[in-house]
Structures are given as C-alpha cells and as structure tokens.
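Chemist: Here it is, the structure in full.
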Amino acid sequence: MNTSKIRAPIQLSTPVYIFAGVLLLRLIVLARLTASPFLLPTRGDMHFYSKWARHILAGHFADGLAFYGLPGYAWLLAFFYKCIGFNPFVPAFIQAALDAGTAVLIYKIGVRVFGGRLRFAHAIGLLAALGWAFFVPAQTYAAILMPTAWVVFVFWFVVWEIVRRSDAPGKTAAFLFGLVIGMTATAVATILFLLPLVAGAIWRSARPARLASLGLLAAGIIAGTSPCWMHNYFIAHDPVVLSAHSGINFWIGNNPTANGYPRFPPGLRAGQAAMLQDSIDAAENAAGHSLRRGEVSRYWSAQARDYIVHHPVAWLKLLALKCRNFCNAFQYDDLSVITGLREEGVTFPGLYFGLVATFALPGLLLAWKIEPLSRWITAALVLHALALLPVFTTERYRLPVVPGLLLFAAFGLVLFWQNLSALRLRPVLSYAALLLVSVMFVSSPQRDPSLWALDAYNSGRQALESGNLRLAETKLQQAHSYVPTNAETNFALGNLRFAQGDRAAARAFYLTTLELDPGNDRALTNLGIIAEDENQPAAAATFFRLACTQQSGNAKTHYLLAKALLAIGDKRNSALEIQRAITLRGNEPEFLALRSQIEQAQ
C-alpha cells in the first residue's frame, strides 16, 4: 500500500468553525422567517427601503431634489432585485453571512487584544462570539431588510484593522479606510464617527507620512460619499452632503417633548415615509411657500438649536437622559420586530442588551488598566455613543456597540474565574463590587408608561395586520392599560373591534380617538365606513368630508366621499370628488367604475 498518496485530514481553523456555526444559526432564523408573516415588508422602515429600491428599478433614479433619506441601502436592494427579482430572501442571506463575519471579527479582536497577558484569550474570543450568535437583536436585524448588519460588520472590520497592526496604517490603507467608511455612510451616517479612531491610528506614523495619510483618508471619505453629495450639489442644486433628513432627526432628538428616544413631536406621524412627508409639509407651511430639501433641513435644525440656546439646563438634563438610555436595559425597538419575531418563534432565545451591558461595564474598567490595546475598543464604543447624543437611542442604533460590550463582558467573566480559581479574594471582591454598581446603573427603571406601552402596541398592531386577532387583543389591551389616553392605542383597538365585527365598540374607540386627537383623519374615515355599512349615507358623507379636510391628498377618502354623496343624490359634488380621487391616484378600476355610475346617473 502506497501511504505517500494518503492525504492528511483538512484542519479547519477556529474562525471557520465560528463562521459556519453562526451562519447556520442565522440561516435557520431566515428559514423560519420565510414561514412567518414578517418576510415581505408591508410597513415601516423595511417597506420604505424596499419600496424605494423598486422605485429605482422602475427607472425613477431621482426626483430632482436632494435626498431625503440615506440612499445607500435602497440602491443596494435595487441591485439585488435587478439580479434576482423581488426577493427579500437573498439580501437577508447575504446579511446572515455578514453577521457570521462579525462573529469572526469578535473572536479575532478578542484573541489579539487580550492575548498579551491572559492564557485564556481564545476563551474570551469564543465566549464573546457565542454571545453574538445568540444575541436576539442581532438575530433579528440580520434577517430583515435593514442596513444594520452591514454597518455593524464594517464598524468592527475597521476596529480589527486598527488593533491587528503593530504600527500605523499606511497611505493605501488610509485611503481604503476612508472609502469604506464613506460608502457605508451613504446608508448609515453614524459610521462617520469612527473617523477620529482611524485618524488616531494614523497619528502614530512619522510626521510627513502622517499628513499624507490623513489627506488620503479625507480623499477616501469624499470618494465614498460622492454618490450623495454629487447628486445633491450638481443635480438637485442643493448644498446637502448626505441627506436632508438630518435636520428633522436633530429636532426629534432636541425639542421640549424629547425623551432620548424617537418620540415624535405633535404634527409628525410615526413611520419613516409619513414622518418625512410631514416634516416637509410643516416646514413649508411655516415658510408659506415651497422649500428645497436643504432648506427644510435647516428649518428643523434651527428649531433644535433655538431650543438648546433658550433652554440650556433642560437640554443638559436631556443629554444626561440620553446617556442613561444608551446604557439602559430598556429595549426601545422603534421597528417593533424583535419581540414580534421572538414571539413567532423565528429567533432563538438568547441575550439582550441589558445583560450584556451589565457584565461589560466592569470588564471595560478592568481591561483599561490591564490591557492597553483594549482602549481602542473603548474609544470605538464612546465614539458611537457620541454619534447618538445629537439625536436619540433605539435598539438598532446601539447594536454596533454590542460586539465590544460582549468582548468586555467575556474578559471580565474569564478574569473573575481565574481569580476565583486561584483564591485571589481582593480582585474577586473588586469585580463583584463593580458588577453591583453596574447592575444598579443598567437596570434603573423607566418610569414613563408610554415607553412600556410601545412594544405591546406595535406587537398588537402587527398581529392585527397579520390576522392574529387573539394576540392583537392581548397586546393592545396591555398597551391600553399603560396609556388609556393615547389616541393611537384607542384607534388600534377600534380597528380590532371593527375586524371582530363589533361596530358599536369600534365606533366608541374611534370617537375616543377623536376626543384625544381631533384631526385624526383615519378615525374619521373609519367612522364614515361604519355609517355607510349601517345605511346612513348622510352621516358617512359628513365624516368623509371632515377626513378630506384633514388629509386632502388621500385619494381613497375622496372616492368614499363621492360614493356617499351619490347615495344621497348629490351628483354634482360626487362627480367633483371622484375626479379629485382619479387626479390623485390615476385610473384605479373602482374609481373609473364609480365615475361611470355617476355619469349615468347624471
């Protein structure tokens, strides 16, 4: 037997196993998602990006105005849709691979940073990577149509490229850093706050090379962000660098009703598309004429700066509240998908931010003294926190810091185990004291009942949209118990009663909604539909007319008003209303059919 031809077994490295294991978990989540009601985006930011991508594919590359929303992710989705058709599975599959890559980066950073003095650096990296694999928000955002998984991977790829080097990045690396960060900023602008970290790494080089590298870093940023600023400056003729929606975000984060989360001030509806349109309408109403997108942004920025200048003490308290919110165990999921996917059995049970942050803070303080290389990780975490201070905190916005927190949590636990095994009681007690302080800081309760109602409200609304009326009943009643005087909660309960066939209860909730929010056009429209179902066309016409007064651009409401007016014999105004509906939305079959019916009646 010729043993020379026998091949040695292939030895796979630890990063390969980590990548394969995390990718398998993410693909199981994705497979479960395809069997749930959440795969196809129907509302919220996921729908906003998907609709924008399909709009691009239809040939509408730009509307001649500055971007009002970062376009990078929408264009990326458009590329995927162009290659494989409208299929959210493929972008989610690539995001799953990126998320597995993030786990590998966590492991490699852990080994590199903590491998100097500790024998268990590999254990730290493995423990942190395992934590990322079962971190529930990471599982969620890797599966849905959001750019979060992309920005987290780029964030920690940049950190890895810095900590793995024993010297400063060269000129080519500096340009590539800038290019990658700039391109990512066209989808998530907070990545730009990593630039001081890269500049600090470059500053270690000799003086002539340092200046040249910093110049190339800036050149990379300019090149990476060029799709945005070139479009805005030279096509839209509007001086906006990335997106003009930064002004309204600044105002939402800094106004008299701000609470450190994206609480929308009066006059702005929740939801990306609705909020952006409302912000434009409000700015133009205040100005008395139409505005360019850059002027809209400057209007809202001026409002925020005016609040800061005239209420400095309140603003400083708001900043302190934002810092607390950033580290707090309370989960503010503005997309309301984390709880929904967990309750549907899509994601695996696992870790949440509060537990990770609790163990991370003691580890961070200990690592600062023991492992100087860990200070790069700390700096990255602080820079990202600073990126959110001008605006607000949500679960997806603070997700990029979680890999670093997992590394510090794993470091603290391994160090604690080493000291405990060696019976070194002083460091054990020091760690326990730090952990106790961390528990008290991270777990301090949120006392605003509207915050606790948000997750239940959004979960109930999603259940209602998917037809799960029993779950919707449970969630919406829970939200109503927290905030019984909230207009949106009462409106959602009205929709639930309407779906259950209880018209009287639905009418009561809609009337309560109008008492709390007299301009709620949706409640008016639904009251009109109930009146129409009860053969009261005059009452229906009154409600529909009031709804049109509040929201004149809704073609469906004009159609319903035309139908009610025809029923009471007002053919002339009925013809006017159906023509408005057709003008707003084009040749809808039901609109055209009603117009023919009106013409025959005339």
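If you're wondering about the labels, chains in the structure tokens are A, B, ... by order shown, residues count from 1 in each chain, ligands from 1 in order shown.
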Arg595 (chain A): which residues within 10 Å, counting only C-alpha atoms, same-chain residues fewer than 2 positions away excluded, as a PyMOL selection string?
Modeler: chain A and resi 559+562-563+574-579+582+589-593+597-601
Chemist: Would you mind exporting the chosen residues as a short mmCIF file (atom, residue, chain, number, x, y, z; two decimals), in the first residue's frame, restricted to all heavy atoms?
Modeler:
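New file again-v4.cif:
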data_model
loop_
_atom_site.label_atom_id
_atom_site.label_comp_id
_atom_site.auth_asym_id
_atom_site.auth_seq_id
_atom_site.Cartn_x
_atom_site.Cartn_y
_atom_site.Cartn_z
N TYR A 559 -62.73 59.11 -2.90
CA TYR A 559 -63.59 58.11 -3.54
C TYR A 559 -64.77 57.74 -2.64
O TYR A 559 -65.93 57.67 -3.09
CB TYR A 559 -62.76 56.88 -3.88
CG TYR A 559 -63.56 55.63 -4.14
CD1 TYR A 559 -64.22 55.43 -5.35
CD2 TYR A 559 -63.68 54.64 -3.16
CE1 TYR A 559 -64.97 54.28 -5.58
CE2 TYR A 559 -64.42 53.49 -3.37
CZ TYR A 559 -65.06 53.32 -4.59
OH TYR A 559 -65.80 52.19 -4.81
N ALA A 562 -67.24 60.57 -2.58
CA ALA A 562 -68.02 60.60 -3.82
C ALA A 562 -69.12 59.55 -3.80
O ALA A 562 -70.27 59.80 -4.21
CB ALA A 562 -67.10 60.38 -5.02
N LYS A 563 -68.79 58.38 -3.28
CA LYS A 563 -69.77 57.30 -3.20
C LYS A 563 -70.91 57.65 -2.25
O LYS A 563 -72.10 57.40 -2.55
CB LYS A 563 -69.05 56.04 -2.73
CG LYS A 563 -69.83 54.75 -2.87
CD LYS A 563 -68.94 53.57 -2.46
CE LYS A 563 -69.73 52.26 -2.49
NZ LYS A 563 -68.89 51.12 -2.07
N SER A 574 -70.52 64.78 -6.09
CA SER A 574 -69.99 63.43 -6.22
C SER A 574 -69.05 63.34 -7.41
O SER A 574 -67.97 62.73 -7.33
CB SER A 574 -71.15 62.43 -6.37
OG SER A 574 -70.65 61.12 -6.54
N ALA A 575 -69.43 63.97 -8.53
CA ALA A 575 -68.57 63.96 -9.71
C ALA A 575 -67.26 64.70 -9.45
O ALA A 575 -66.18 64.29 -9.91
CB ALA A 575 -69.32 64.60 -10.89
N LEU A 576 -67.33 65.80 -8.69
CA LEU A 576 -66.12 66.55 -8.37
C LEU A 576 -65.17 65.72 -7.51
O LEU A 576 -63.94 65.73 -7.73
CB LEU A 576 -66.49 67.85 -7.65
CG LEU A 576 -67.25 68.91 -8.46
CD1 LEU A 576 -67.66 70.07 -7.56
CD2 LEU A 576 -66.37 69.41 -9.62
N GLU A 577 -65.72 65.02 -6.53
CA GLU A 577 -64.87 64.24 -5.62
C GLU A 577 -64.22 63.05 -6.33
O GLU A 577 -63.04 62.74 -6.09
CB GLU A 577 -65.68 63.75 -4.42
CG GLU A 577 -66.13 64.85 -3.48
CD GLU A 577 -64.96 65.62 -2.88
OE1 GLU A 577 -63.88 65.02 -2.68
OE2 GLU A 577 -65.11 66.82 -2.62
N ILE A 578 -64.95 62.36 -7.20
CA ILE A 578 -64.34 61.22 -7.88
C ILE A 578 -63.27 61.69 -8.85
O ILE A 578 -62.27 61.01 -9.07
CB ILE A 578 -65.42 60.36 -8.60
CG1 ILE A 578 -64.81 59.01 -9.00
CG2 ILE A 578 -65.96 61.08 -9.83
CD1 ILE A 578 -64.28 58.20 -7.86
N GLN A 579 -63.44 62.89 -9.39
CA GLN A 579 -62.40 63.42 -10.27
C GLN A 579 -61.14 63.76 -9.48
O GLN A 579 -60.02 63.53 -9.95
CB GLN A 579 -62.91 64.67 -11.00
CG GLN A 579 -61.97 65.17 -12.10
CD GLN A 579 -61.64 64.09 -13.10
OE1 GLN A 579 -62.53 63.40 -13.62
NE2 GLN A 579 -60.35 63.92 -13.40
N ILE A 582 -59.36 60.47 -8.89
CA ILE A 582 -58.66 60.00 -10.09
C ILE A 582 -57.42 60.84 -10.36
O ILE A 582 -56.37 60.33 -10.75
CB ILE A 582 -59.63 60.03 -11.30
CG1 ILE A 582 -60.72 58.96 -11.11
CG2 ILE A 582 -58.89 59.80 -12.61
CD1 ILE A 582 -61.83 59.02 -12.13
N PRO A 589 -59.43 51.02 -11.14
CA PRO A 589 -60.67 50.46 -11.71
C PRO A 589 -61.92 50.86 -10.93
O PRO A 589 -62.94 51.20 -11.53
CB PRO A 589 -60.42 48.95 -11.64
CG PRO A 589 -58.93 48.81 -11.68
CD PRO A 589 -58.40 49.99 -10.95
N GLU A 590 -61.85 50.82 -9.58
CA GLU A 590 -63.04 51.16 -8.81
C GLU A 590 -63.38 52.64 -8.93
O GLU A 590 -64.56 53.02 -8.89
CB GLU A 590 -62.87 50.77 -7.34
CG GLU A 590 -61.70 51.43 -6.64
CD GLU A 590 -61.58 50.99 -5.18
OE1 GLU A 590 -62.50 50.31 -4.69
OE2 GLU A 590 -60.55 51.30 -4.55
N PHE A 591 -62.36 53.48 -9.11
CA PHE A 591 -62.61 54.91 -9.32
C PHE A 591 -63.33 55.13 -10.66
O PHE A 591 -64.29 55.89 -10.74
CB PHE A 591 -61.30 55.69 -9.30
CG PHE A 591 -60.60 55.72 -7.95
CD1 PHE A 591 -61.11 55.04 -6.86
CD2 PHE A 591 -59.41 56.42 -7.79
CE1 PHE A 591 -60.47 55.07 -5.63
CE2 PHE A 591 -58.75 56.45 -6.58
CZ PHE A 591 -59.29 55.77 -5.49
N LEU A 592 -62.82 54.49 -11.68
CA LEU A 592 -63.41 54.64 -13.01
C LEU A 592 -64.83 54.10 -13.05
O LEU A 592 -65.72 54.68 -13.70
CB LEU A 592 -62.54 53.94 -14.06
CG LEU A 592 -61.12 54.49 -14.22
CD1 LEU A 592 -60.34 53.64 -15.22
CD2 LEU A 592 -61.14 55.94 -14.65
N ALA A 593 -65.06 52.99 -12.35
CA ALA A 593 -66.41 52.41 -12.32
C ALA A 593 -67.39 53.36 -11.66
O ALA A 593 -68.53 53.54 -12.13
CB ALA A 593 -66.38 51.07 -11.60
N GLN A 597 -70.71 55.32 -13.17
CA GLN A 597 -72.00 55.25 -12.50
C GLN A 597 -72.57 56.65 -12.27
O GLN A 597 -73.77 56.88 -12.45
CB GLN A 597 -71.84 54.51 -11.17
CG GLN A 597 -73.15 54.25 -10.43
CD GLN A 597 -72.92 53.50 -9.12
OE1 GLN A 597 -71.83 53.02 -8.85
NE2 GLN A 597 -73.97 53.42 -8.31
N ILE A 598 -71.70 57.58 -11.87
CA ILE A 598 -72.14 58.96 -11.65
C ILE A 598 -72.59 59.60 -12.96
O ILE A 598 -73.62 60.29 -13.02
CB ILE A 598 -71.02 59.79 -10.99
CG1 ILE A 598 -70.70 59.26 -9.58
CG2 ILE A 598 -71.39 61.27 -10.92
CD1 ILE A 598 -69.45 59.84 -8.96
N GLU A 599 -71.84 59.37 -14.03
CA GLU A 599 -72.20 59.93 -15.34
C GLU A 599 -73.54 59.40 -15.81
O GLU A 599 -74.36 60.14 -16.39
CB GLU A 599 -71.10 59.63 -16.35
CG GLU A 599 -69.81 60.41 -16.10
CD GLU A 599 -68.68 59.95 -17.00
OE1 GLU A 599 -68.84 58.91 -17.68
OE2 GLU A 599 -67.62 60.61 -17.01
N GLN A 600 -73.79 58.11 -15.59
CA GLN A 600 -75.08 57.54 -15.97
C GLN A 600 -76.21 58.14 -15.15
O GLN A 600 -77.30 58.41 -15.67
CB GLN A 600 -75.05 56.03 -15.78
CG GLN A 600 -74.15 55.30 -16.78
CD GLN A 600 -74.01 53.82 -16.48
OE1 GLN A 600 -74.68 53.31 -15.57
NE2 GLN A 600 -73.16 53.14 -17.24
N ALA A 601 -75.94 58.38 -13.86
CA ALA A 601 -76.97 58.97 -13.01
C ALA A 601 -77.27 60.41 -13.41
O ALA A 601 -78.40 60.89 -13.31
CB ALA A 601 -76.52 58.93 -11.55
#
Chemist: Do you know which residues are at most 6 Å from region 383-400 of chain A counting only C-alpha atoms, after dropping those on the same chain fewer than 4 positions away, and could you put them as a VMD selection string?
Modeler: chain A and resid 152 190 193 250 253 260 to 262 332 to 333
Chemist: Just write the chosen residues, all heavy atoms, as an mmCIF file, in the first residue's frame.
Modeler:
data_model
loop_
_atom_site.group_PDB
_atom_site.id
_atom_site.type_symbol
_atom_site.label_atom_id
_atom_site.label_comp_id
_atom_site.auth_asym_id
_atom_site.auth_seq_id
_atom_site.Cartn_x
_atom_site.Cartn_y
_atom_site.Cartn_z
ATOM 1 N N VAL A 152 -22.700 47.197 11.203
ATOM 2 C CA VAL A 152 -22.017 46.541 12.322
ATOM 3 C C VAL A 152 -20.762 45.827 11.826
ATOM 4 O O VAL A 152 -19.693 45.917 12.443
ATOM 5 C CB VAL A 152 -22.967 45.551 13.027
ATOM 6 C CG1 VAL A 152 -22.208 44.736 14.071
ATOM 7 C CG2 VAL A 152 -24.115 46.299 13.692
ATOM 8 N N THR A 190 -23.911 57.373 11.005
ATOM 9 C CA THR A 190 -23.188 57.359 12.271
ATOM 10 C C THR A 190 -21.811 56.720 12.154
ATOM 11 O O THR A 190 -20.958 56.939 13.008
ATOM 12 C CB THR A 190 -23.993 56.603 13.340
ATOM 13 O OG1 THR A 190 -24.342 55.304 12.843
ATOM 14 C CG2 THR A 190 -25.262 57.360 13.700
ATOM 15 N N PHE A 193 -18.491 58.675 12.665
ATOM 16 C CA PHE A 193 -17.876 58.980 13.959
ATOM 17 C C PHE A 193 -16.703 58.053 14.264
ATOM 18 O O PHE A 193 -16.035 58.239 15.288
ATOM 19 C CB PHE A 193 -18.928 58.898 15.064
ATOM 20 C CG PHE A 193 -19.692 60.177 15.252
ATOM 21 C CD1 PHE A 193 -20.625 60.590 14.319
ATOM 22 C CD2 PHE A 193 -19.466 60.983 16.354
ATOM 23 C CE1 PHE A 193 -21.319 61.763 14.480
ATOM 24 C CE2 PHE A 193 -20.160 62.159 16.533
ATOM 25 C CZ PHE A 193 -21.100 62.561 15.585
ATOM 26 N N PHE A 250 -32.489 65.792 14.081
ATOM 27 C CA PHE A 250 -31.906 66.646 15.124
ATOM 28 C C PHE A 250 -33.015 67.269 15.970
ATOM 29 O O PHE A 250 -32.915 67.347 17.202
ATOM 30 C CB PHE A 250 -31.048 67.720 14.461
ATOM 31 C CG PHE A 250 -30.228 68.548 15.414
ATOM 32 C CD1 PHE A 250 -29.621 67.973 16.521
ATOM 33 C CD2 PHE A 250 -30.056 69.904 15.207
ATOM 34 C CE1 PHE A 250 -28.860 68.736 17.398
ATOM 35 C CE2 PHE A 250 -29.304 70.677 16.072
ATOM 36 C CZ PHE A 250 -28.704 70.087 17.167
ATOM 37 N N GLY A 253 -34.683 64.744 18.303
ATOM 38 C CA GLY A 253 -33.817 64.461 19.447
ATOM 39 C C GLY A 253 -33.626 65.622 20.391
ATOM 40 O O GLY A 253 -33.126 65.440 21.509
ATOM 41 N N GLY A 260 -35.137 61.277 24.766
ATOM 42 C CA GLY A 260 -33.963 60.448 24.485
ATOM 43 C C GLY A 260 -34.239 59.310 23.533
ATOM 44 O O GLY A 260 -33.313 58.643 23.072
ATOM 45 N N TYR A 261 -35.514 59.071 23.242
ATOM 46 C CA TYR A 261 -35.931 58.091 22.245
ATOM 47 C C TYR A 261 -36.640 58.841 21.116
ATOM 48 O O TYR A 261 -36.959 60.029 21.278
ATOM 49 C CB TYR A 261 -36.869 57.059 22.877
ATOM 50 C CG TYR A 261 -36.223 56.220 23.958
ATOM 51 C CD1 TYR A 261 -36.643 56.309 25.288
ATOM 52 C CD2 TYR A 261 -35.207 55.332 23.653
ATOM 53 C CE1 TYR A 261 -36.052 55.543 26.279
ATOM 54 C CE2 TYR A 261 -34.602 54.557 24.644
ATOM 55 C CZ TYR A 261 -35.029 54.668 25.961
ATOM 56 O OH TYR A 261 -34.435 53.906 26.931
ATOM 57 N N PRO A 262 -36.926 58.199 19.990
ATOM 58 C CA PRO A 262 -37.572 58.926 18.892
ATOM 59 C C PRO A 262 -39.049 59.187 19.132
ATOM 60 O O PRO A 262 -39.914 58.657 18.443
ATOM 61 C CB PRO A 262 -37.349 57.999 17.684
ATOM 62 C CG PRO A 262 -37.186 56.652 18.262
ATOM 63 C CD PRO A 262 -36.491 56.852 19.569
ATOM 64 N N TYR A 332 -35.855 49.838 23.438
ATOM 65 C CA TYR A 332 -36.724 50.671 22.603
ATOM 66 C C TYR A 332 -36.521 50.256 21.150
ATOM 67 O O TYR A 332 -35.584 50.679 20.483
ATOM 68 C CB TYR A 332 -36.404 52.155 22.781
ATOM 69 C CG TYR A 332 -37.445 53.074 22.164
ATOM 70 C CD1 TYR A 332 -38.396 53.684 22.965
ATOM 71 C CD2 TYR A 332 -37.492 53.310 20.799
ATOM 72 C CE1 TYR A 332 -39.354 54.520 22.420
ATOM 73 C CE2 TYR A 332 -38.450 54.120 20.246
ATOM 74 C CZ TYR A 332 -39.378 54.737 21.061
ATOM 75 O OH TYR A 332 -40.337 55.550 20.507
ATOM 76 N N ASP A 333 -37.377 49.393 20.702
ATOM 77 C CA ASP A 333 -37.299 48.885 19.334
ATOM 78 C C ASP A 333 -38.289 49.661 18.478
ATOM 79 O O ASP A 333 -39.475 49.351 18.448
ATOM 80 C CB ASP A 333 -37.614 47.383 19.323
ATOM 81 C CG ASP A 333 -37.615 46.805 17.913
ATOM 82 O OD1 ASP A 333 -37.034 47.437 17.019
ATOM 83 O OD2 ASP A 333 -38.207 45.737 17.721
#
Chemist: If we count only C-alpha atoms and set the cut-off at 12 Å, which residues sit around Ala432 (chain A), ignoring sequence neighbours fewer than 3 positions away in its own chain? Please answer as a ChimeraX atom specification.
Modeler: /A:358-359,361-363,412-413,415-417,419-420,425-429,435-439
Chemist: Store the residues of this selection in a file with N, CA, C and O atoms, as a compact mmCIF listing (two decimals), in the first residue's frame.
Modeler:
# COMPACT_ATOMS: atom_id res chain seq x y z
N THR A 358 -24.52 44.94 31.55
CA THR A 358 -24.25 44.77 32.98
C THR A 358 -22.89 44.13 33.23
O THR A 358 -22.12 44.58 34.09
N PHE A 359 -22.58 43.08 32.49
CA PHE A 359 -21.28 42.41 32.67
C PHE A 359 -20.16 43.12 31.93
O PHE A 359 -18.98 42.92 32.26
N LEU A 361 -19.57 46.54 31.62
CA LEU A 361 -19.00 47.73 32.25
C LEU A 361 -17.88 47.41 33.24
O LEU A 361 -16.83 48.08 33.21
N PRO A 362 -18.02 46.41 34.12
CA PRO A 362 -16.86 46.07 34.97
C PRO A 362 -15.66 45.58 34.15
O PRO A 362 -14.51 45.94 34.45
N GLY A 363 -15.92 44.77 33.14
CA GLY A 363 -14.83 44.29 32.29
C GLY A 363 -14.12 45.41 31.58
O GLY A 363 -12.90 45.40 31.43
N GLY A 412 -14.22 40.15 31.55
CA GLY A 412 -14.48 40.25 32.98
C GLY A 412 -14.82 38.91 33.60
O GLY A 412 -14.33 38.57 34.69
N LEU A 413 -15.63 38.11 32.91
CA LEU A 413 -16.02 36.80 33.44
C LEU A 413 -14.83 35.84 33.51
O LEU A 413 -14.66 35.11 34.50
N LEU A 415 -11.62 36.67 33.67
CA LEU A 415 -10.71 37.17 34.70
C LEU A 415 -11.25 36.83 36.10
O LEU A 415 -10.48 36.43 36.99
N PHE A 416 -12.54 37.00 36.28
CA PHE A 416 -13.16 36.66 37.56
C PHE A 416 -12.98 35.17 37.88
O PHE A 416 -12.65 34.80 39.01
N TRP A 417 -13.16 34.31 36.88
CA TRP A 417 -12.99 32.87 37.09
C TRP A 417 -11.54 32.53 37.43
O TRP A 417 -11.29 31.69 38.30
N ASN A 419 -9.32 34.49 38.90
CA ASN A 419 -9.03 34.95 40.27
C ASN A 419 -9.72 34.08 41.31
O ASN A 419 -9.16 33.79 42.38
N LEU A 420 -10.95 33.65 41.01
CA LEU A 420 -11.67 32.81 41.94
C LEU A 420 -11.00 31.44 42.08
O LEU A 420 -10.88 30.89 43.19
N LEU A 425 -8.88 36.77 46.59
CA LEU A 425 -10.15 37.32 47.04
C LEU A 425 -10.29 38.82 46.77
O LEU A 425 -11.39 39.31 46.50
N ARG A 426 -9.19 39.55 46.83
CA ARG A 426 -9.31 41.00 46.63
C ARG A 426 -9.82 41.35 45.23
O ARG A 426 -10.78 42.12 45.11
N PRO A 427 -9.23 40.83 44.14
CA PRO A 427 -9.79 41.14 42.81
C PRO A 427 -11.19 40.57 42.62
O PRO A 427 -12.00 41.15 41.90
N VAL A 428 -11.49 39.43 43.26
CA VAL A 428 -12.84 38.85 43.17
C VAL A 428 -13.86 39.81 43.78
O VAL A 428 -14.92 40.08 43.19
N LEU A 429 -13.54 40.35 44.96
CA LEU A 429 -14.45 41.28 45.61
C LEU A 429 -14.55 42.60 44.84
O LEU A 429 -15.63 43.20 44.77
N LEU A 435 -19.60 45.00 39.60
CA LEU A 435 -20.77 44.38 38.99
C LEU A 435 -22.05 44.87 39.66
O LEU A 435 -23.06 45.12 38.98
N LEU A 436 -22.03 45.02 40.96
CA LEU A 436 -23.20 45.51 41.68
C LEU A 436 -23.56 46.93 41.24
O LEU A 436 -24.74 47.24 40.99
N VAL A 437 -22.55 47.78 41.12
CA VAL A 437 -22.80 49.16 40.65
C VAL A 437 -23.35 49.13 39.22
O VAL A 437 -24.28 49.88 38.88
N SER A 438 -22.79 48.25 38.39
CA SER A 438 -23.24 48.15 37.01
C SER A 438 -24.70 47.69 36.93
O SER A 438 -25.49 48.21 36.13
N VAL A 439 -25.07 46.74 37.77
CA VAL A 439 -26.46 46.26 37.81
C VAL A 439 -27.41 47.41 38.14
O VAL A 439 -28.45 47.60 37.48
Chemist: Between A:Asn458, A:Asn285, A:Gln331, A:Asn587, which is the closest to Ser443 (chain A) once you count only C-alpha atoms?
Modeler: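 Under the stated criterion, the closest residue is A:Gln331.
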Chemist: Please list as a list in words every residue within 6 Å of region 57-70 of chain A, counting only C-alpha atoms and excluding residues in the same chain fewer than 6 positions away.
Modeler: Thr186, Ala187, Asn232, Ala236, Ser243, Ala244, His245 and Arg293 of chain A
Chemist: Go ahead and save the picked residues with C-alpha atoms, as a PDB file, in the first residue's frame.
Modeler:
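Result written to again-v2.pdb:
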ATOM      1  CA  THR A 186     -24.493  56.597   2.417  1.00  0.00           C
ATOM      2  CA  ALA A 187     -26.632  54.015   4.271  1.00  0.00           C
ATOM      3  CA  ASN A 232     -27.379  66.837  -4.245  1.00  0.00           C
ATOM      4  CA  ALA A 236     -30.589  68.839  -7.245  1.00  0.00           C
ATOM      5  CA  SER A 243     -29.312  63.517   3.238  1.00  0.00           C
ATOM      6  CA  ALA A 244     -31.528  66.467   4.105  1.00  0.00           C
ATOM      7  CA  HIS A 245     -33.443  64.464   6.724  1.00  0.00           C
ATOM      8  CA  ARG A 293     -34.886  69.846   0.882  1.00  0.00           C
TER       9      ARG A 293
END
Chemist: Would you mind writing down, as an MDAnalysis selection string, each residue of region 37-183 of chain A that DSSP on the backbone assigns to helix (DSSP H, G or I)?
Modeler: chainID A and resid 44:57 72:84 89:114 121:133 136:143 148:163 171:183
Chemist: Fewer than 6 positions away in the same chain doesn't count, so skip those; otherwise give me all residues within 8 Å of region 213-225 of chain A, counting only C-alpha atoms, as number ranges by chain.
Modeler: A: 170-172, 174-186, 199, 202, 242
Chemist: To one decimal in Å, tell me the separation between CA of Ala531 (chain A) and CA of Phe509 (chain A).
Modeler: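 Interatomic distance here is 14.6 Å.
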Chemist: Compare A:Pro484, A:Gly494, A:Pro41, A:Pro137 by their minimum atom-to-atom distance to Leu464 (chain A), counting only C-alpha atoms, and give me the closest one.
Modeler: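 Ranked by minimum distance to Leu464 (chain A), first place goes to A:Gly494.
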Chemist: Looking at only C-alpha atoms, which of A:Arg112, A:Ala128, A:Leu434, A:Glu344 is the one that sits closest to Ser166 (chain A)?
Modeler: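 Closest to Ser166 (chain A), using only C-alpha atoms: A:Arg112.
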Chemist: Excluding His310 (chain A) and its own-chain neighbours fewer than 6 positions away, which residues fall within 12 Å of it when counting only C-alpha atoms? Please give them as a ChimeraX atom specification.
Modeler: /A:254-256,303-304,316
Chemist: So how far away is CA of Trp52 (chain A) from CA of Asp334 (chain A), in Å?
Modeler: 19.8 Å
Chemist: Considering only C-alpha atoms, can you say which of A:Gly553, A:Pro518, A:Pro449, A:Pro537 comes closest to Gly569 (chain A)?
Modeler: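 Going through A:Gly553, A:Pro518, A:Pro449, A:Pro537 one by one, the smallest distance to Gly569 (chain A) is for A:Pro537.
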